[in-house]
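Below is model_21.cif, holding mmCIF, C-alpha atoms.
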```cif
data_run
loop_
_atom_site.label_atom_id
_atom_site.label_comp_id
_atom_site.auth_asym_id
_atom_site.auth_seq_id
_atom_site.Cartn_x
_atom_site.Cartn_y
_atom_site.Cartn_z
CA MET A 317 -13.15 -18.43 28.76
CA LYS A 318 -11.68 -21.37 26.87
CA ARG A 319 -11.94 -19.56 23.56
CA TRP A 320 -9.95 -16.61 24.88
CA LEU A 321 -7.40 -18.91 26.54
CA ALA A 322 -6.77 -20.57 23.20
CA ALA A 323 -6.68 -17.22 21.43
CA GLY A 324 -4.16 -15.95 23.96
CA ALA A 325 -1.98 -18.94 23.22
CA VAL A 326 -2.18 -18.32 19.50
CA THR A 327 -1.32 -14.63 19.80
CA GLY A 328 1.24 -15.05 22.60
CA TRP A 329 3.00 -18.40 23.11
CA LEU A 330 2.78 -20.11 19.77
CA ILE A 331 4.39 -18.14 16.97
CA VAL A 332 8.16 -18.34 16.99
CA PRO A 333 7.33 -13.56 17.67
CA ALA A 334 9.87 -8.23 16.47
CA GLY A 335 11.53 -9.04 19.89
CA ALA A 336 8.94 -9.74 22.49
CA ALA A 337 6.27 -8.58 20.14
CA ARG A 338 6.64 -11.08 17.38
CA ALA A 339 6.06 -13.37 20.33
CA ASP A 340 10.92 -14.17 19.26
CA HIS A 341 8.39 -14.49 16.67
CA ASP A 342 6.94 -15.51 20.29
CA MET A 343 3.14 -15.16 21.29
CA ALA A 344 1.57 -14.84 25.36
CA MET A 345 -0.85 -17.20 27.00
CA SER A 346 -3.34 -15.12 28.95
CA GLY A 347 -6.86 -15.67 30.17
CA HIS A 348 -9.70 -13.73 28.57
CA GLN A 349 -13.39 -14.30 28.55
CA HIS A 350 -15.43 -15.82 25.75
CA ALA A 351 -16.45 -13.11 23.26
CA ASP A 352 -19.43 -13.69 21.00
CA ALA A 353 -19.34 -10.03 20.01
CA PRO A 354 -16.24 -8.41 18.50
CA ALA A 355 -13.65 -7.47 21.15
CA VAL A 356 -10.54 -5.32 20.92
CA SER A 357 -7.53 -5.27 23.21
CA ILE A 358 -4.60 -2.90 23.42
CA GLY A 359 -1.37 -3.71 25.16
CA VAL A 360 2.29 -2.97 25.56
CA ALA A 361 5.34 -5.15 26.15
CA VAL A 362 8.69 -3.96 27.47
CA GLN A 363 11.79 -6.11 27.38
CA ALA A 364 15.46 -6.05 28.25
CA ALA A 365 18.05 -8.55 27.00
CA GLU A 366 21.76 -9.27 27.00
CA PHE A 367 23.55 -11.06 24.14
CA GLU A 368 26.99 -12.36 23.27
CA THR A 369 27.91 -13.81 19.88
CA MET A 370 31.17 -14.42 18.02
CA SER A 371 30.98 -10.87 16.60
CA TYR A 372 28.88 -8.86 19.05
CA VAL A 373 28.37 -8.33 22.76
CA GLY A 374 25.85 -5.97 24.27
CA SER A 375 22.24 -5.49 25.25
CA TYR A 376 18.95 -4.10 24.03
CA GLN A 377 15.72 -2.73 25.47
CA SER A 378 12.40 -2.20 23.74
CA ILE A 379 8.80 -1.13 24.10
CA ALA A 380 6.21 -2.66 21.78
CA PRO A 381 2.58 -1.46 21.57
CA THR A 382 0.10 -4.08 20.34
CA VAL A 383 -3.51 -4.03 19.18
CA ALA A 384 -5.61 -7.20 18.78
CA TRP A 385 -9.13 -8.07 17.62
CA MET A 386 -11.14 -11.20 18.37
CA HIS A 387 -14.57 -12.40 17.25
CA GLY A 388 -15.76 -15.97 17.54
CA TRP A 389 -13.33 -18.31 15.82
CA PHE A 390 -11.15 -15.55 14.36
CA GLY A 391 -8.58 -13.02 15.54
CA ALA A 392 -5.95 -10.58 14.28
CA ASN A 393 -3.15 -8.53 15.80
CA ALA A 394 -0.48 -5.96 14.94
CA THR A 395 2.63 -4.86 16.82
CA LEU A 396 5.76 -2.74 16.36
CA GLY A 397 8.82 -2.67 18.62
CA LEU A 398 10.88 0.46 19.37
CA TYR A 399 14.46 -0.37 20.40
CA HIS A 400 17.60 0.87 22.04
CA LEU A 401 20.44 -1.41 20.97
CA ASP A 402 23.97 -1.38 22.41
CA GLU A 403 26.33 -3.47 20.27
CA ASN A 404 30.06 -3.47 21.00
CA GLY A 405 29.67 -0.15 22.80
CA ARG A 406 27.73 1.59 20.00
CA GLY A 407 24.23 2.77 20.89
CA THR A 408 21.39 2.81 18.34
CA TYR A 409 17.71 3.80 18.57
CA GLY A 410 15.10 2.72 16.03
CA MET A 411 12.11 0.66 15.03
CA GLY A 412 12.15 -3.08 14.68
CA ASP A 413 10.22 -5.04 12.07
CA ALA A 414 6.44 -4.65 12.24
CA MET A 415 4.35 -7.79 12.69
CA LEU A 416 0.83 -8.45 11.36
CA GLY A 417 -0.96 -11.65 12.32
CA ALA A 418 -4.22 -13.55 11.99
CA HIS A 419 -5.46 -16.85 13.40
CA ALA A 420 -8.55 -19.03 13.27
CA ALA A 421 -9.82 -21.98 15.28
CA VAL A 422 -10.69 -24.81 12.91
CA ILE A 423 -11.49 -27.67 15.30
CA ARG A 424 -13.12 -27.58 18.74
CA ARG A 425 -13.59 -30.75 20.73
CA GLY A 426 -14.49 -30.27 24.38
CA GLU A 427 -11.48 -28.81 26.15
CA ALA A 428 -9.24 -28.84 23.07
CA GLU A 429 -8.95 -26.53 20.08
CA ALA A 430 -6.75 -26.47 16.99
CA GLY A 431 -6.35 -24.07 14.13
CA VAL A 432 -4.16 -22.14 11.74
CA ALA A 433 -2.24 -18.88 11.99
CA LEU A 434 -0.39 -16.59 9.61
CA HIS A 435 2.09 -13.89 10.57
CA VAL A 436 3.78 -11.47 8.17
CA MET A 437 6.81 -9.47 9.25
CA LEU A 438 7.40 -6.18 7.41
CA PRO A 439 10.94 -4.76 6.98
CA THR A 440 10.44 -1.53 8.95
CA GLY A 441 13.62 -2.09 10.98
CA SER A 442 17.09 -1.17 9.73
CA GLU A 443 19.08 -4.21 8.58
CA VAL A 444 22.32 -2.16 8.73
CA ASP A 445 21.69 -1.33 12.40
CA ASN A 446 20.79 -4.94 13.28
CA LEU A 447 17.17 -3.98 14.01
CA GLY A 448 15.46 -5.76 11.11
CA MET A 449 15.64 -8.60 8.62
CA GLY A 450 15.72 -6.36 5.55
CA HIS A 451 12.91 -8.23 3.76
CA VAL A 452 9.36 -9.48 4.24
CA MET A 453 8.97 -12.74 6.20
CA VAL A 454 5.87 -14.96 5.91
CA MET A 455 5.14 -17.41 8.74
CA PRO A 456 2.18 -19.81 8.49
CA ALA A 457 1.64 -22.24 11.37
CA LEU A 458 -0.64 -24.90 12.83
CA TRP A 459 -1.51 -24.68 16.53
CA GLY A 460 -3.32 -26.61 19.20
CA ALA A 461 -4.42 -25.70 22.74
CA TRP A 462 -5.99 -27.59 25.64
CA GLN A 463 -7.51 -26.19 28.83
CA GLY A 464 -8.68 -28.57 31.55
CA GLY A 465 -9.49 -27.16 34.95
CA ARG A 466 -6.42 -25.40 36.30
CA LEU A 467 -4.07 -26.83 33.68
CA GLY A 468 -3.41 -25.58 30.17
CA ALA A 469 -1.10 -26.62 27.35
CA SER A 470 -0.38 -25.55 23.77
CA ALA A 471 1.90 -26.40 20.87
CA SER A 472 2.59 -25.18 17.36
CA ALA A 473 4.52 -26.09 14.23
CA GLY A 474 5.18 -23.67 11.40
CA TYR A 475 7.26 -22.59 8.45
CA ALA A 476 8.99 -19.22 7.97
CA ARG A 477 10.37 -17.95 4.67
CA ALA A 478 11.87 -14.71 3.46
CA LEU A 479 10.21 -13.27 0.37
CA THR A 480 13.54 -12.90 -1.40
CA SER A 481 15.70 -15.07 -3.61
CA LEU A 482 17.30 -17.65 -1.31
CA ASP A 483 19.88 -18.53 -3.96
CA GLY A 484 20.81 -14.89 -4.33
CA ALA A 485 21.17 -14.21 -0.61
CA HIS A 486 24.75 -13.10 0.03
CA HIS A 487 24.58 -13.28 3.80
CA ASP A 488 24.10 -15.98 6.38
CA HIS A 489 21.57 -14.45 8.77
CA GLY A 490 22.93 -16.47 11.65
CA PRO A 491 22.24 -14.46 14.79
CA THR A 492 20.88 -11.38 13.00
CA PRO A 493 19.12 -9.13 13.46
CA LEU A 494 20.55 -8.98 16.98
CA VAL A 495 17.18 -8.04 18.48
CA ASP A 496 15.45 -11.17 17.13
CA PRO A 497 17.37 -13.57 14.85
CA MET A 498 15.78 -15.74 12.17
CA ASN A 499 16.99 -17.83 9.26
CA LEU A 500 16.01 -17.02 5.69
CA GLN A 501 14.01 -20.26 5.64
CA GLU A 502 13.19 -22.39 8.66
CA LEU A 503 10.77 -24.68 10.46
CA THR A 504 9.43 -23.27 13.72
CA TRP A 505 8.03 -25.04 16.79
CA SER A 506 6.84 -24.32 20.31
CA VAL A 507 5.46 -26.14 23.35
CA ALA A 508 4.02 -24.55 26.49
CA ALA A 509 2.10 -25.38 29.65
CA ASP A 510 0.75 -23.47 32.64
CA VAL A 511 -1.27 -23.98 35.82
CA GLU A 512 -3.58 -21.72 37.81
CA VAL A 513 -2.30 -21.37 41.38
CA GLY A 514 -5.13 -19.22 42.72
CA HIS A 515 -6.16 -15.56 42.87
CA HIS A 516 -6.19 -15.37 39.04
CA VAL A 517 -2.46 -16.16 38.90
CA ARG A 518 -0.98 -18.69 36.47
CA LEU A 519 2.55 -20.12 36.39
CA GLY A 520 3.95 -21.66 33.23
CA GLY A 521 6.91 -22.51 31.08
CA ARG A 522 7.71 -23.02 27.44
CA ALA A 523 10.34 -23.88 24.87
CA GLN A 524 10.46 -22.78 21.25
CA GLY A 525 12.83 -22.56 18.35
CA GLY A 526 13.63 -22.63 14.67
CA VAL A 527 15.42 -25.22 12.53
CA PRO A 528 17.02 -23.87 9.34
CA ILE A 529 16.23 -25.29 5.93
CA GLY A 530 19.54 -25.06 4.12
CA ASP A 531 22.11 -22.61 5.51
CA GLY A 532 21.54 -21.15 8.94
CA ARG A 533 21.59 -21.96 12.64
CA THR A 534 19.24 -23.84 14.91
CA ARG A 535 17.68 -21.54 17.51
CA VAL A 536 16.23 -22.68 20.85
CA ILE A 537 14.95 -20.62 23.79
CA SER A 538 13.10 -21.52 26.98
CA GLY A 539 11.36 -19.45 29.62
CA GLY A 540 9.28 -19.33 32.77
CA ARG A 541 6.21 -17.14 33.13
CA VAL A 542 3.91 -15.74 35.79
CA ALA A 543 0.64 -14.13 34.68
CA TRP A 544 -2.34 -12.47 36.34
CA GLY A 545 -5.56 -12.00 34.40
CA MET A 546 -9.12 -10.76 34.90
CA ALA A 547 -11.96 -10.20 32.45
CA ARG A 548 -10.63 -6.87 31.19
CA VAL A 549 -6.95 -6.71 32.09
CA SER A 550 -3.98 -9.08 32.17
CA THR A 551 -0.33 -8.68 33.11
CA ALA A 552 2.57 -11.12 32.80
CA PHE A 553 6.32 -11.38 33.27
CA GLU A 554 8.52 -13.90 31.48
CA LEU A 555 12.20 -14.68 32.00
CA GLN A 556 13.83 -16.35 28.97
CA VAL A 557 17.22 -17.92 28.32
CA GLY A 558 18.83 -18.64 24.95
CA LEU A 559 19.91 -22.29 24.71
CA ALA A 560 21.16 -22.46 21.11
CA GLY A 561 21.73 -20.21 18.11
CA ASP A 562 22.78 -17.08 20.06
CA PRO A 563 19.33 -15.42 20.17
CA PHE A 564 20.30 -13.81 23.52
CA THR A 565 21.87 -14.81 26.81
CA VAL A 566 18.96 -13.79 29.02
CA ARG A 567 15.83 -11.73 28.34
CA GLY A 568 13.04 -10.38 30.54
CA VAL A 569 9.64 -9.43 29.13
CA LEU A 570 6.87 -7.54 30.98
CA GLU A 571 3.54 -7.16 29.21
CA THR A 572 0.07 -5.88 30.01
CA ALA A 573 -3.14 -5.71 27.98
CA LEU A 574 -6.57 -4.12 28.37
CA ARG A 575 -9.62 -5.61 26.64
CA PHE A 576 -12.69 -3.61 25.57
#
```
Would you give me this structure, written as structure tokens?
Amino acid sequence: MKRWLAAGAVTGWLIVPAGAARADHDMAMSGHQHADAPAVSIGVAVQAAEFETMSYVGSYQSIAPTVAWMHGWFGANATLGLYHLDENGRGTYGMGDAMLGAHAAVIRRGEAEAGVALHVMLPTGSEVDNLGMGHVMVMPALWGAWQGGRLGASASAGYARALTSLDGAHHDHGPTPLVDPMNLQELTWSVAADVEVGHHVRLGGRAQGGVPIGDGRTRVISGGRVAWGMARVSTAFELQVGLAGDPFTVRGVLETALRF
């Protein structure tokens, strides 16, 4: 159980996730059972958000299928968001940037675990339509998770960089792409906690963000979460607010996953 709780944190709460899928580069804490044998899960996340920046006002909705694999200390996942974006009255449909990820637990001490993670974002979304970054992003991170009785907590710190010439970049990413803004180079962070309230239900909250290295904008979001999980299936809803950097005004995310 603890191993899957930590793995859920790594693949859900910790990476600062295309839209809901690239966890805002966010990831989702959910309870799974310990898996000595390889285990696979499939899931889907749907989200709806409103945004307002100096240049754009509108909303977007998305659906993001996800597949994940876990065995012992290691795990991997892949996801791709499909969007409807309304910006200044213009509607657009398309893919967001695809996300590939891997994580490993390096240290285990009683109720605590810590490890490393690496996410790579591929430019499958249109930069012109504000659905993608327009270049590959690499995001390594360190994470830690603790589970004691009904309480759980996690945190992460990472670095994100575009695989492009930073000196030759002619645009300040600022709040773009609209569906999930990032800076060309930034430090990422997250903190989260939750508590089991009975009947396999957990309530939690988190904060996460990105701090630009060089040009860019600081991004901060926070959210509250309710999750229900059994051995094979889990479902969660999260309500998020954008506090800084114009990531969005408010965003709701509903996700469910089935483990085999």
Can you spell out as JSON, numbers by chain the set of residues that the PyMOL selection byres ((chain A and resi 548) around 8) selects in the structure I just provided?
{"A": [348, 545, 546, 547, 549, 550, 574, 575, 576]}
Kindly resolve the PyMOL selection byres ((chain A and resi 418) around 6) on the present coordinates and return the residues as a PDB file with C-alpha atoms, in the coordinates of the input.
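To be explicit, this is the file written out as selection.pdb:
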```pdb
ATOM      1  CA  GLY A 391      -8.580 -13.020  15.540  1.00  0.00           C
ATOM      2  CA  ALA A 392      -5.950 -10.580  14.280  1.00  0.00           C
ATOM      3  CA  GLY A 417      -0.960 -11.650  12.320  1.00  0.00           C
ATOM      4  CA  HIS A 419      -5.460 -16.850  13.400  1.00  0.00           C
ATOM      5  CA  ALA A 433      -2.240 -18.880  11.990  1.00  0.00           C
ATOM      6  CA  LEU A 434      -0.390 -16.590   9.610  1.00  0.00           C
TER       7      LEU A 434
END
```
Residues returned when the PyMOL selection byres ((chain A and resi 400) around 9) runs on this file, as a PyMOL selection string:
chain A and resi 375-378+398-399+401-402+407-411
Just the residues within 10 Å of region 358-367 of chain A, please, counting only C-alpha atoms, with nothing from its chain fewer than 5 positions along; format it as number ranges by chain.
A: 335-337, 372-385, 393-403, 494-495, 549-558, 562-576
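Note that CA of Glu502 (chain A) and CA of Ala476 (chain A) are 5.3 Å apart.
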Can you tell me, as a count of residues only, what residues are no more than 12 Å from Arg533 (chain A) when counting all atoms listed in the file, ignoring any on the same chain fewer than 5 positions away?
20
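Counting only C-alpha atoms, the residue from A:Leu559, A:Trp505, A:Ala420, A:Ser442 that sits nearest to Met455 (chain A) is A:Trp505.
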Would you kindly return, as a PyMOL selection string, each protein, DNA or RNA residue with an atom no farther than 7 Å from any atom of Ala471 (chain A), considering all atoms listed in the file and excluding same-chain residues fewer than 5 positions away?
chain A and resi 330+459-461+506-508
Neighbouring residues of Leu467 (chain A) were defined as those with any atom within 7 Å, considering only C-alpha atoms; residues of the same chain fewer than 6 positions away were excluded. Please report them as a PyMOL selection string.
chain A and resi 510-512
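Across the model, the gap from CA of Ala414 (chain A) to CA of Glu429 (chain A) is 27.9 Å.
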Give me the residues within 10 Å of His451 (chain A) as a tab-separated table (two decimals) with C-alpha atoms, in the frame of the given file, counting all atoms listed in the file and dropping any in the same chain fewer than 3 places off.
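What follows is the written file selection27.tsv:
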```
chain	number	residue	atom	x	y	z
A	413	ASP	CA	10.22	-5.04	12.07
A	437	MET	CA	6.81	-9.47	9.25
A	438	LEU	CA	7.40	-6.18	7.41
A	439	PRO	CA	10.94	-4.76	6.98
A	440	THR	CA	10.44	-1.53	8.95
A	441	GLY	CA	13.62	-2.09	10.98
A	443	GLU	CA	19.08	-4.21	8.58
A	448	GLY	CA	15.46	-5.76	11.11
A	454	VAL	CA	5.87	-14.96	5.91
A	478	ALA	CA	11.87	-14.71	3.46
A	479	LEU	CA	10.21	-13.27	0.37
A	480	THR	CA	13.54	-12.90	-1.40
A	500	LEU	CA	16.01	-17.02	5.69
```
